[in-house]
Every structure is written in structure tokens, then in C-alpha cells.
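Q: My file is input.txt. It has compact mmCIF, C-alpha atoms and all ligand atoms:
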# COMPACT_ATOMS: atom_id res chain seq x y z
CA MET A 337 111.10 58.98 94.06
CA ALA A 338 111.04 55.18 94.54
CA THR A 339 111.95 53.69 97.95
CA ARG A 340 115.32 51.94 97.79
CA ILE A 341 115.79 48.35 98.87
CA ARG A 342 119.28 46.92 99.36
CA PRO A 343 120.39 45.60 95.97
CA SER A 344 122.03 42.19 95.88
CA SER A 345 125.11 41.85 93.64
CA LYS A 346 123.65 38.71 92.02
CA ARG A 347 120.33 40.39 91.15
CA CYS A 348 120.38 41.77 87.69
CA ALA A 349 118.00 43.00 85.00
CA VAL A 350 118.28 42.52 81.27
CA ILE A 351 116.51 45.27 79.32
CA GLY A 352 115.78 43.78 75.91
CA GLY A 353 116.00 40.29 77.46
CA SER A 354 113.36 38.88 75.07
CA GLY A 355 115.63 39.51 72.08
CA PHE A 356 118.28 37.38 70.39
CA LEU A 357 121.31 38.53 72.39
CA GLY A 358 119.24 39.29 75.50
CA ARG A 359 117.89 35.75 75.82
CA HIS A 360 121.35 34.16 75.39
CA LEU A 361 122.61 36.54 78.08
CA VAL A 362 119.73 35.65 80.42
CA GLU A 363 120.41 31.91 80.00
CA LYS A 364 124.12 32.33 80.81
CA LEU A 365 123.39 34.57 83.82
CA LEU A 366 121.02 31.92 85.22
CA ASP A 367 123.74 29.26 84.74
CA LYS A 368 126.08 31.46 86.72
CA GLY A 369 123.68 31.78 89.64
CA TYR A 370 122.25 35.25 89.00
CA THR A 371 118.62 36.09 89.70
CA VAL A 372 117.33 37.71 86.52
CA SER A 373 114.54 40.16 85.72
CA VAL A 374 113.75 40.76 82.07
CA PHE A 375 112.32 44.09 80.97
CA ASP A 376 111.08 44.12 77.39
CA ILE A 377 108.24 45.48 75.31
CA ARG A 378 107.29 41.87 74.50
CA GLN A 379 107.63 38.51 76.24
CA SER A 380 109.00 35.90 73.85
CA TYR A 381 109.59 32.91 76.18
CA GLU A 382 109.24 31.65 79.74
CA LEU A 383 112.09 30.34 81.88
CA PRO A 384 112.16 29.19 85.51
CA GLY A 385 114.03 31.76 87.60
CA VAL A 386 113.25 34.70 85.32
CA THR A 387 110.75 37.42 86.24
CA PHE A 388 109.30 39.19 83.23
CA HIS A 389 108.29 42.85 83.23
CA GLN A 390 106.59 43.86 80.03
CA GLY A 391 106.92 47.56 79.24
CA ASP A 392 108.42 50.28 77.10
CA LEU A 393 111.83 51.43 78.30
CA CYS A 394 110.85 55.02 77.53
CA ASP A 395 108.42 54.77 80.45
CA LYS A 396 110.47 55.47 83.57
CA GLN A 397 107.68 54.42 85.95
CA SER A 398 107.59 50.88 84.54
CA LEU A 399 111.36 50.71 84.73
CA LEU A 400 111.37 51.77 88.38
CA THR A 401 109.20 48.79 89.31
CA ALA A 402 111.30 46.34 87.30
CA LEU A 403 114.65 47.59 88.64
CA HIS A 404 113.74 47.55 92.31
CA GLY A 405 116.48 45.76 94.30
CA VAL A 406 118.63 45.22 91.22
CA SER A 407 122.35 46.12 91.39
CA LEU A 408 123.35 45.36 87.80
CA VAL A 409 121.57 46.30 84.58
CA PHE A 410 122.34 45.07 81.07
CA HIS A 411 120.78 47.36 78.46
CA CYS A 412 120.54 45.50 75.16
CA ALA A 413 117.22 46.75 73.78
CA SER A 414 116.97 48.50 70.44
CA PRO A 415 114.57 48.74 67.50
CA ALA A 416 115.60 46.42 64.64
CA PRO A 417 118.51 47.96 62.65
CA ALA A 418 116.68 47.32 59.35
CA SER A 419 113.90 49.75 60.32
CA ASP A 420 113.94 53.16 58.66
CA ASP A 421 111.94 54.85 61.41
CA LYS A 422 114.03 57.83 62.52
CA ALA A 423 111.56 58.91 65.23
CA LEU A 424 111.46 55.40 66.72
CA PHE A 425 115.27 55.16 66.90
CA GLN A 426 115.49 58.58 68.54
CA ARG A 427 112.75 57.80 71.03
CA VAL A 428 114.02 54.37 72.07
CA ASN A 429 117.80 54.66 71.74
CA ILE A 430 118.19 58.23 72.99
CA GLN A 431 115.21 59.29 75.14
CA GLY A 432 114.71 55.69 76.29
CA THR A 433 118.34 55.34 77.34
CA GLN A 434 118.04 58.60 79.31
CA ALA A 435 115.02 57.12 81.09
CA VAL A 436 117.00 53.93 81.84
CA LEU A 437 119.87 55.93 83.35
CA GLN A 438 117.51 58.08 85.44
CA ALA A 439 115.66 55.02 86.71
CA CYS A 440 118.97 53.32 87.56
CA THR A 441 120.09 56.35 89.57
CA GLU A 442 116.76 56.61 91.39
CA VAL A 443 116.64 52.97 92.51
CA GLY A 444 120.36 52.72 93.34
CA VAL A 445 121.56 50.43 90.55
CA GLN A 446 125.38 50.27 90.80
CA LYS A 447 126.42 49.02 87.36
CA VAL A 448 125.12 49.47 83.82
CA VAL A 449 126.49 47.46 80.89
CA LEU A 450 125.33 48.83 77.55
CA THR A 451 125.28 46.81 74.33
CA SER A 452 126.60 49.34 71.86
CA SER A 453 127.92 48.40 68.41
CA ALA A 454 131.24 48.52 66.59
CA SER A 455 129.27 50.26 63.83
CA VAL A 456 129.44 53.53 65.80
CA VAL A 457 132.74 54.22 64.03
CA PHE A 458 131.77 52.80 60.60
CA GLU A 459 131.14 55.25 57.76
CA GLY A 460 131.09 52.80 54.87
CA THR A 461 134.85 52.79 54.25
CA ASP A 462 137.54 50.25 55.24
CA ILE A 463 138.36 49.72 58.92
CA LYS A 464 141.23 47.31 59.59
CA ASP A 465 142.01 46.25 63.16
CA GLY A 466 140.09 49.32 64.38
CA ARG A 467 140.66 50.31 67.99
CA GLU A 468 138.29 52.01 70.37
CA ASP A 469 140.04 55.37 69.97
CA LEU A 470 138.73 55.72 66.39
CA PRO A 471 136.40 58.77 66.27
CA TYR A 472 132.64 58.23 66.14
CA ALA A 473 131.30 58.24 62.56
CA LYS A 474 130.81 61.86 61.48
CA LYS A 475 128.38 60.78 58.79
CA PRO A 476 126.65 57.73 60.29
CA ILE A 477 125.36 55.47 57.55
CA ASP A 478 121.79 55.14 58.96
CA TYR A 479 119.51 56.24 61.85
CA TYR A 480 120.34 53.07 63.77
CA THR A 481 124.05 53.96 63.81
CA GLN A 482 123.39 57.64 64.45
CA THR A 483 121.33 56.89 67.57
CA LYS A 484 123.67 54.11 68.79
CA ILE A 485 126.42 56.78 68.87
CA GLU A 486 124.30 59.12 70.99
CA GLN A 487 123.25 56.24 73.22
CA GLU A 488 126.83 55.16 73.87
CA LYS A 489 127.91 58.73 74.68
CA LEU A 490 125.04 59.09 77.18
CA VAL A 491 125.87 55.86 78.99
CA LEU A 492 129.62 56.48 79.19
CA LYS A 493 129.07 60.06 80.41
CA ALA A 494 126.78 58.78 83.18
CA CYS A 495 129.67 56.89 84.81
CA ASP A 496 130.11 58.61 88.16
CA LYS A 497 132.08 56.95 90.97
CA GLU A 498 130.98 59.62 93.49
CA LYS A 499 127.32 58.96 92.80
CA GLY A 500 127.94 55.20 92.81
CA LEU A 501 126.92 54.48 89.20
CA LEU A 502 129.52 52.66 87.08
CA THR A 503 128.99 52.20 83.35
CA VAL A 504 130.70 50.45 80.44
CA ALA A 505 129.81 49.88 76.77
CA ILE A 506 130.37 46.67 74.84
CA ARG A 507 130.73 47.05 71.08
CA PRO A 508 130.08 43.69 69.39
CA HIS A 509 130.19 43.27 65.63
CA GLY A 510 128.10 41.02 63.39
CA ILE A 511 126.56 38.82 66.06
CA PHE A 512 125.40 35.42 64.83
CA GLY A 513 124.18 32.21 66.42
CA PRO A 514 121.06 30.14 67.14
CA ARG A 515 117.80 32.11 67.13
CA ASP A 516 119.34 35.17 65.40
CA PRO A 517 116.38 36.86 63.71
CA GLN A 518 118.29 38.79 61.06
CA LEU A 519 121.62 37.63 59.61
CA VAL A 520 120.84 33.98 58.70
CA PRO A 521 117.09 34.48 57.97
CA ILE A 522 117.76 37.47 55.66
CA LEU A 523 120.60 35.61 53.95
CA VAL A 524 118.44 32.51 53.35
CA ASP A 525 115.49 34.58 52.18
CA THR A 526 117.77 36.38 49.70
CA ALA A 527 119.15 33.03 48.48
CA ARG A 528 115.64 31.57 48.10
CA ARG A 529 114.72 34.55 45.91
CA GLY A 530 117.74 33.74 43.70
CA LYS A 531 119.63 36.91 44.67
CA MET A 532 122.69 35.38 46.35
CA LYS A 533 124.56 34.48 43.15
CA PHE A 534 126.82 37.53 43.22
CA ILE A 535 129.88 38.59 45.18
CA ILE A 536 130.06 42.36 45.67
CA GLY A 537 133.64 43.45 44.92
CA ASP A 538 136.62 41.09 44.63
CA GLY A 539 135.54 39.07 47.68
CA SER A 540 138.75 39.64 49.65
CA ASN A 541 137.36 42.03 52.27
CA LEU A 542 137.89 40.89 55.86
CA VAL A 543 135.23 41.40 58.52
CA ASP A 544 134.30 40.31 62.04
CA PHE A 545 131.41 37.99 62.71
CA THR A 546 131.00 37.24 66.39
CA PHE A 547 129.38 34.13 67.82
CA VAL A 548 126.71 35.10 70.34
CA ASP A 549 128.30 33.16 73.26
CA ASN A 550 131.44 35.30 72.91
CA VAL A 551 129.36 38.47 73.07
CA VAL A 552 127.59 37.17 76.19
CA HIS A 553 130.97 36.27 77.72
CA GLY A 554 132.25 39.83 77.05
CA HIS A 555 129.17 41.36 78.72
CA ILE A 556 129.47 39.23 81.87
CA LEU A 557 133.23 39.79 82.13
CA ALA A 558 132.61 43.54 81.86
CA ALA A 559 129.92 43.43 84.55
CA GLU A 560 132.12 41.42 86.89
CA SER A 561 135.18 43.65 86.27
CA LEU A 562 133.25 46.88 86.79
CA ARG A 563 134.47 48.25 90.13
CA PRO A 564 135.40 51.83 91.13
CA GLU A 565 139.14 51.12 90.79
CA SER A 566 138.82 49.25 87.48
CA PRO A 567 140.20 50.78 84.25
CA ILE A 568 137.03 49.83 82.38
CA CYS A 569 134.77 52.45 84.04
CA GLY A 570 133.21 54.77 81.46
CA LYS A 571 134.95 53.09 78.51
CA ALA A 572 133.90 51.23 75.35
CA TYR A 573 135.19 47.75 74.41
CA HIS A 574 135.19 45.87 71.12
CA ILE A 575 134.13 42.26 71.58
CA THR A 576 134.67 40.05 68.53
CA ASN A 577 135.65 36.48 67.67
CA ASP A 578 139.16 37.86 67.08
CA GLU A 579 139.24 35.87 63.82
CA PRO A 580 138.56 38.26 60.91
CA VAL A 581 137.13 36.31 57.97
CA ARG A 582 136.40 37.15 54.32
CA PHE A 583 132.79 38.41 54.29
CA TRP A 584 131.94 36.20 51.30
CA ASP A 585 133.60 33.08 52.76
CA PHE A 586 131.47 33.47 55.89
CA MET A 587 128.29 33.91 53.81
CA SER A 588 129.24 30.90 51.66
CA ASP A 589 129.92 28.69 54.72
CA ILE A 590 126.45 29.44 56.10
CA LEU A 591 124.73 29.04 52.71
CA VAL A 592 126.52 25.81 51.78
CA GLY A 593 125.99 24.46 55.32
CA LEU A 594 122.25 24.94 54.79
CA GLY A 595 122.31 23.37 51.33
CA TYR A 596 122.33 26.50 49.10
CA ALA A 597 124.86 27.37 46.42
CA ALA A 598 127.68 29.76 47.31
CA PRO A 599 127.74 33.13 45.45
CA ARG A 600 130.11 32.94 42.42
CA TYR A 601 129.86 35.89 40.03
CA HIS A 602 131.61 39.15 40.84
CA LEU A 603 130.02 42.60 40.51
CA PRO A 604 131.98 45.87 40.91
CA TYR A 605 131.46 47.37 44.36
CA THR A 606 130.95 50.98 43.18
CA LEU A 607 128.28 49.89 40.68
CA VAL A 608 126.28 47.96 43.30
CA TYR A 609 126.70 50.69 45.90
CA GLY A 610 125.49 53.33 43.39
CA LEU A 611 122.49 51.17 42.47
CA SER A 612 121.63 50.59 46.12
CA LEU A 613 121.64 54.36 46.72
CA LEU A 614 119.35 54.89 43.74
CA LEU A 615 116.96 52.18 44.92
CA TRP A 616 116.94 53.61 48.44
CA LEU A 617 116.10 57.09 47.08
CA LEU A 618 113.37 55.61 44.91
CA SER A 619 111.87 53.74 47.86
CA LEU A 620 111.82 57.02 49.83
CA LEU A 621 110.16 58.95 46.98
CA LEU A 622 107.56 56.26 46.37
CA SER A 623 106.87 55.54 50.04
CA PRO A 624 103.56 57.50 50.09
CA LEU A 625 102.31 55.30 47.20
CA VAL A 626 103.95 51.86 47.58
CA ALA A 627 105.93 50.28 50.39
CA PHE A 628 108.93 48.43 49.00
CA LYS A 629 112.05 47.58 50.97
CA PRO A 630 115.18 46.95 48.90
CA THR A 631 117.24 43.92 50.05
CA PHE A 632 120.52 45.51 49.02
CA THR A 633 120.46 48.68 51.14
CA PRO A 634 123.49 51.02 51.02
CA MET A 635 124.39 49.86 54.57
CA ARG A 636 124.32 46.16 53.62
CA VAL A 637 126.28 46.76 50.42
CA ALA A 638 128.90 48.77 52.34
CA LEU A 639 129.18 45.99 54.92
CA ALA A 640 129.44 43.36 52.17
CA GLY A 641 132.13 45.14 50.16
CA THR A 642 134.52 46.77 52.63
CA HIS A 643 136.93 45.65 55.34
CA HIS A 644 135.53 46.11 58.85
CA PHE A 645 137.32 44.27 61.59
CA TYR A 646 138.23 45.47 65.03
CA SER A 647 140.94 44.88 67.59
CA CYS A 648 139.77 43.54 70.94
CA SER A 649 143.17 43.93 72.59
CA ARG A 650 141.73 46.51 75.03
CA ALA A 651 139.19 43.96 76.28
CA LYS A 652 141.93 41.32 76.53
CA GLN A 653 144.15 43.61 78.54
CA ASP A 654 141.59 45.26 80.86
CA MET A 655 139.23 42.36 81.51
CA GLY A 656 141.04 39.22 80.38
CA TYR A 657 138.67 38.67 77.43
CA LYS A 658 139.26 35.68 75.16
CA PRO A 659 136.65 34.22 72.79
CA VAL A 660 135.15 31.01 74.19
CA VAL A 661 133.84 29.58 70.87
CA SER A 662 135.86 29.52 67.64
CA LEU A 663 134.39 30.82 64.37
CA LYS A 664 134.35 27.29 62.91
CA ASP A 665 132.38 25.88 65.88
CA GLY A 666 130.11 28.93 65.93
CA ILE A 667 129.23 28.43 62.25
CA ARG A 668 128.60 24.70 62.78
CA ARG A 669 126.36 25.31 65.80
CA THR A 670 124.47 28.04 63.94
CA VAL A 671 123.87 25.95 60.82
CA GLU A 672 122.66 23.00 62.96
CA SER A 673 120.21 25.28 64.77
CA TYR A 674 118.24 26.22 61.63
CA PRO A 675 116.84 22.90 60.26
CA HIS A 676 113.72 24.78 59.07
CA LEU A 677 115.85 27.08 56.88
CA ARG A 678 117.64 24.24 55.05
CA HIS A 679 117.26 24.09 51.29
CA GLY A 680 114.10 22.11 50.52
CA ALA A 681 112.80 22.19 54.11
N1 LIG B 701 122.67 41.61 66.13
C1 LIG B 701 123.83 42.20 65.88
O1 LIG B 701 124.57 41.85 64.96
C2 LIG B 701 124.30 43.32 66.78
C3 LIG B 701 125.61 43.77 66.63
C4 LIG B 701 126.06 44.81 67.45
C5 LIG B 701 125.23 45.34 68.41
N2 LIG B 701 123.97 44.87 68.54
C6 LIG B 701 123.14 45.44 69.61
O2 LIG B 701 122.75 44.37 70.47
C7 LIG B 701 121.50 44.63 71.07
C8 LIG B 701 120.60 43.43 70.93
O3 LIG B 701 120.40 43.17 69.56
P1 LIG B 701 119.63 41.87 69.06
O4 LIG B 701 120.28 41.48 67.79
O5 LIG B 701 119.51 40.89 70.17
O6 LIG B 701 118.21 42.50 68.71
P2 LIG B 701 116.73 41.96 69.00
O7 LIG B 701 115.83 42.75 68.13
O8 LIG B 701 116.68 40.48 68.90
O9 LIG B 701 116.51 42.38 70.51
C9 LIG B 701 116.17 43.68 70.91
C10 LIG B 701 115.11 43.61 72.00
O10 LIG B 701 114.79 44.94 72.40
C11 LIG B 701 113.40 45.00 72.66
N3 LIG B 701 112.91 46.37 72.56
C12 LIG B 701 112.88 47.16 71.46
N4 LIG B 701 112.32 48.34 71.76
C13 LIG B 701 112.01 48.32 73.07
C14 LIG B 701 111.40 49.24 73.96
N5 LIG B 701 110.97 50.43 73.55
N6 LIG B 701 111.23 48.89 75.26
C15 LIG B 701 111.60 47.66 75.69
N7 LIG B 701 112.19 46.75 74.90
C16 LIG B 701 112.38 47.06 73.60
C17 LIG B 701 112.79 44.12 71.58
O11 LIG B 701 111.47 43.72 71.90
C18 LIG B 701 113.78 42.97 71.50
O12 LIG B 701 113.40 41.91 72.34
C19 LIG B 701 120.98 45.92 70.42
O13 LIG B 701 121.25 47.01 71.27
C20 LIG B 701 121.82 46.05 69.15
O14 LIG B 701 122.00 47.40 68.81
C21 LIG B 701 123.47 43.87 67.76
C1 LIG B 702 121.93 40.86 51.23
C2 LIG B 702 123.34 40.42 51.49
C3 LIG B 702 124.34 41.32 50.78
C4 LIG B 702 123.72 40.31 52.92
C5 LIG B 702 122.83 39.44 53.79
C6 LIG B 702 123.30 39.40 55.22
C7 LIG B 702 123.05 40.71 55.96
C8 LIG B 702 121.58 40.77 56.31
C9 LIG B 702 123.94 40.81 57.22
C10 LIG B 702 125.43 40.76 56.86
C11 LIG B 702 126.16 41.65 57.87
C12 LIG B 702 125.10 41.92 58.91
C13 LIG B 702 125.29 43.01 59.91
C14 LIG B 702 124.18 43.64 60.49
C15 LIG B 702 122.78 43.32 60.02
C16 LIG B 702 122.68 42.08 59.12
C17 LIG B 702 123.82 42.07 58.10
C18 LIG B 702 123.79 43.34 57.26
C19 LIG B 702 124.32 44.79 61.46
C20 LIG B 702 124.22 46.08 60.66
C21 LIG B 702 123.22 44.78 62.53
C22 LIG B 702 123.41 45.89 63.55
C23 LIG B 702 124.76 45.76 64.22
O1 LIG B 702 124.97 46.77 65.18
C24 LIG B 702 125.88 45.80 63.20
C25 LIG B 702 127.23 45.61 63.92
O2 LIG B 702 128.02 46.54 64.04
O3 LIG B 702 127.51 44.53 64.36
C26 LIG B 702 125.69 44.65 62.19
C27 LIG B 702 126.82 44.55 61.17
C28 LIG B 702 126.68 43.29 60.34
What would the structure in this file look like if it were written as C-alpha cells?
A:
Amino acid sequence: MATRIRPSSKRCAVIGGSGFLGRHLVEKLLDKGYTVSVFDIRQSYELPGVTFHQGDLCDKQSLLTALHGVSLVFHCASPAPASDDKALFQRVNIQGTQAVLQACTEVGVQKVVLTSSASVVFEGTDIKDGREDLPYAKKPIDYYTQTKIEQEKLVLKACDKEKGLLTVAIRPHGIFGPRDPQLVPILVDTARRGKMKFIIGDGSNLVDFTFVDNVVHGHILAAESLRPESPICGKAYHITNDEPVRFWDFMSDILVGLGYAAPRYHLPYTLVYGLSLLLWLLSLLLSPLVAFKPTFTPMRVALAGTHHFYSCSRAKQDMGYKPVVSLKDGIRRTVESYPHLRHGA
């Protein structure tokens, strides 16, 4: 058992702080006067005022050292959603989260804010203005989603006022912004390979894309509202831009902003979804012989062709959440941040 030192309320740790969301969160916390420790399997930058602890979150001993004297923990580490590695997702998102919760209890951390995902309720069919009381997906669409569900349940169940550990889960959806390693880079790569000419479905499906600063704002509001008497203890909260947008309009705005053509030709959703399932099966069967990763996975096709937008009225009511950056400004700031991905660059 580690010796406890008195935690200060402005000392926090960001697990996964080297990642896209984690680094934005660290920068905002520093601005707000927090002392920040980052715990991550890799160190991707250096910043004055940040102490880095490199380690695997499945290793409780390393966590104990990093969390010493910390009162607030943000847990936003996860393997990349595009990975197909079931064992890795289970190890990191489930066993790893158990290790995080045990370490927090042992060193006397008072608050844990988990980055969950709105996808925990998504099964590949339309969700319109979904609220937090929607049931978890019974047939999660991939291992990422399956283990994010288990992770969220673990963290919310660990909320125990008697023991002095308060927890909350933030469920963002479609995070985008400067330094995002997946949405814009994958989109541009697909466009450069000439595969972004088509719109899957009739193009009218509404979805949430959430600018990273709004997600950070939701996390910090949750941390600062988390007190024993607060209604947010042990609950999950959708955090979005609160401006559902047509999936294909959003993609077009990013593509055109970076100098690429917008997709124009329509393909029937069921046809593309069926093809993506076939390709996925084929890639599984052939995996011992050749490694090929289809761009249009069933998950991506489902996200591109269905409605999936969520209500954040619970976050507005319980913690006074309001987006701080509009979708239009978020898109502009994102496009400006990727000069190297511009057409012809
Ligand atoms: N990007 C999105 O659209 C989105 C949407 C909803 C929820 N989320 C959630 O937000 C969180 C952050 O996502 P992101 O987009 O910033 O991803 P990211 O890949 O940029 O960051 C994840 C970080 O976790 C670290 N990590 C992975 N395995 C680890 C381990 N075993 N031990 C220690 N660190 C480890 C990685 O090194 C990385 O720095 C994740 O929990 C993700 O599920 C992301
Ligand atoms: C090939 C094209 C059809 C699409 C190219 C863009 C896609 C790579 C992104 C569009 C929506 C994105 C998205 C995620 C990953 C990247 C996209 C598929 C998530 C699945 C990442 C994990 C999060 O938890 C999910 C969430 O609930 O927010 C994301 C949903 C949107």
C-alpha cells in the first residue's frame, strides 16, 4: 500500500495526456492554474509545468507513483478505435481501467473523470437527439465500443461517497480539431486516393461533430462540479457541439476548406454497408496471408449513413454546460491547422 500525502485540489493527472484530447485538456488545465501530471505509454511533447510519467496504465505500480498527491484524475487513454485487436482493447480499456480505479483508491484520489464515448449506445441504426438513458448497445459494432461500455460501467459503479471517491463519465461524439490524428488525416488520405467522390445514402443524415475545446470544457466543468452533494456523481453526460450537422456537409466543408472536391455521387446505403461487411470478412479470412485494412469498415459506413446525434440537455442542466466554440469556427480553426494536408502541399 502506498503512503498517502495530502492531495491538493489543483493537482491533477491526465492519463492519456499525450494524445489528441489529452494534450488539449492538459493545455487548458495549465491555463486555469492546475498543476498537471501526464501518465501515458508514450511522451509526445514537452510543456513547462507538466510532469511526465511514461508507463502502461495496466501496471498499477507505475500508476501509484504518478498519482501520488493528486486529487483529480482524468482518464482519457484508449487504444486507437481503428485497431482490430480485441485482446488489446480488453486489456487496456477493462483491466487497465480496473487498475486505474484501484490505484486511485489506494492513493486517495477524490475525483475521476472518464472520457467515455456516445458510441456506447450506437448499434449502427439511427439515433436522434439521444439521451443518456438510452440502453447500452446490446450488439456493439466493434471491440472498441464493446470495451468502452464495460469501462464506463466500471467507472460509474466505483462512485462511492462513503469511501470518498467520486466519478463521472463524459460521452463526447466525433471529436475534431487541431492535431486530431484520425478524422481529418483519414478523410484526406481517402480523398487523395480518389475514394471520396461518393455520398453514402441520400446525404441527409444528421450527426454530431464536437470541437475539441468544447469536449475539454465539458471535462473541466464536470471535474469542478463533482462534489458529494452534486447530481452528477456516478452519471454519464453527452458533450457535443449541440449543432447537429449533415454528415456529408461536414465532410465537404473540411475537404473543400483543404482544397479537395466535395463528394457528389450517391450510392445506396445498404449496398455499401453490405460490401463493407464482405470486405471486412475477407480481410479477416486472409489475415494469416496478407494484411489489408479496408477504408470503408462497417463502423465507418454506419456512421456515414445514419443519424447519430445526442442531446446534451442533462449536461446543461446539471453542470451549466454550453459549447464555447461554434461548429463554423471549429471547422475554420481545424482547416487552418492542417496546412500540410492541403491539396497540392
Ligand atoms: N476522438 C474521438 O472522436 C473520440 C470520441 C469519443 C470519445 N473518445 C475517447 O477520448 C479518449 C481520447 O481519445 P483521442 O482521440 O485523444 O485518442 P488518442 O489516441 O489521441 O489518445 C489516447 C492516448 O492514450 C494513450 N494510451 C493508449 N494505451 C495506453 C496504455 N496502455 N497506457 C497508457 N496510455 C495509453 C496513447 O498513447 C494516447 O496518447 C479515448 O478514451 C477515446 O475513447 C474519442
Ligand atoms: C471513409 C469515410 C466514409 C469517412 C472518413 C472519416 C472517418 C474516419 C471519421 C468520420 C466519423 C468519425 C468517428 C470516429 C472515428 C473517425 C470517423 C469514423 C469515432 C468512431 C472514433 C471513436 C469515437 O468514440 C467515436 C464517437 O463516438 O465519437 C467516433 C465517431 C465518429
Q: Give the answer as one residue: which of A:Ala638, A:Ala651, A:Leu621, A:Cys348 has the shortest atom-to-atom distance to Pro567 (chain A), using only C-alpha atoms?
A: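 Of the candidates, the smallest distance to Pro567 (chain A) is held by A:Ala651.
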Q: Grab all the atoms of ligand LIG 702 (chain B) that the file lists, wrap them in a box along x, y and z, add 6 Å per side, and give me centre plus edge lengths in Å (one decimal) as AutoDock Vina command-line options.
A:
--center_x 124.8 --center_y 43.1 --center_z 58.0 --size_x 18.4 --size_y 19.4 --size_z 26.4
Q: Within 7 Å of ligand LIG 702 (chain B), counting all atoms listed in the file, which protein or nucleic acid residues do you find, written as a VMD selection string?
A: chain A and resid 417 453 to 455 508 to 511 518 to 520 522 to 523 526 631 to 632 636 to 637 639 to 640
Q: Write out as JSON, numbers by chain each polymer residue whose atoms come within 8 Å of Ala435 (chain A), counting only C-alpha atoms; drop sequence neighbours fewer than 5 positions from it.
A: {"A": [393, 394, 395, 396]}
Q: Can you spit out the residues from that selection as an mmCIF file, in the coordinates of the input, using C-alpha atoms?
A:
data_model
loop_
_atom_site.group_PDB
_atom_site.id
_atom_site.type_symbol
_atom_site.label_atom_id
_atom_site.label_comp_id
_atom_site.auth_asym_id
_atom_site.auth_seq_id
_atom_site.Cartn_x
_atom_site.Cartn_y
_atom_site.Cartn_z
ATOM 1 C CA LEU A 393 111.830 51.430 78.300
ATOM 2 C CA CYS A 394 110.850 55.020 77.530
ATOM 3 C CA ASP A 395 108.420 54.770 80.450
ATOM 4 C CA LYS A 396 110.470 55.470 83.570
#
Q: Which residues, written as a PDB file with C-alpha atoms, in the frame of the given file, have at least one atom at most 10 Å from Val671 (chain A), with only C-alpha atoms counted and residues fewer than 5 positions away on the same chain left out?
A:
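For reference, selection_9.pdb as written:
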ATOM      1  CA  GLY A 513     124.180  32.210  66.420  1.00  0.00           C
ATOM      2  CA  PRO A 514     121.060  30.140  67.140  1.00  0.00           C
ATOM      3  CA  VAL A 520     120.840  33.980  58.700  1.00  0.00           C
ATOM      4  CA  ASP A 589     129.920  28.690  54.720  1.00  0.00           C
ATOM      5  CA  ILE A 590     126.450  29.440  56.100  1.00  0.00           C
ATOM      6  CA  LEU A 591     124.730  29.040  52.710  1.00  0.00           C
ATOM      7  CA  VAL A 592     126.520  25.810  51.780  1.00  0.00           C
ATOM      8  CA  GLY A 593     125.990  24.460  55.320  1.00  0.00           C
ATOM      9  CA  LEU A 594     122.250  24.940  54.790  1.00  0.00           C
ATOM     10  CA  GLY A 595     122.310  23.370  51.330  1.00  0.00           C
ATOM     11  CA  ASP A 665     132.380  25.880  65.880  1.00  0.00           C
ATOM     12  CA  GLY A 666     130.110  28.930  65.930  1.00  0.00           C
ATOM     13  CA  LEU A 677     115.850  27.080  56.880  1.00  0.00           C
ATOM     14  CA  ARG A 678     117.640  24.240  55.050  1.00  0.00           C
TER      15      ARG A 678
END
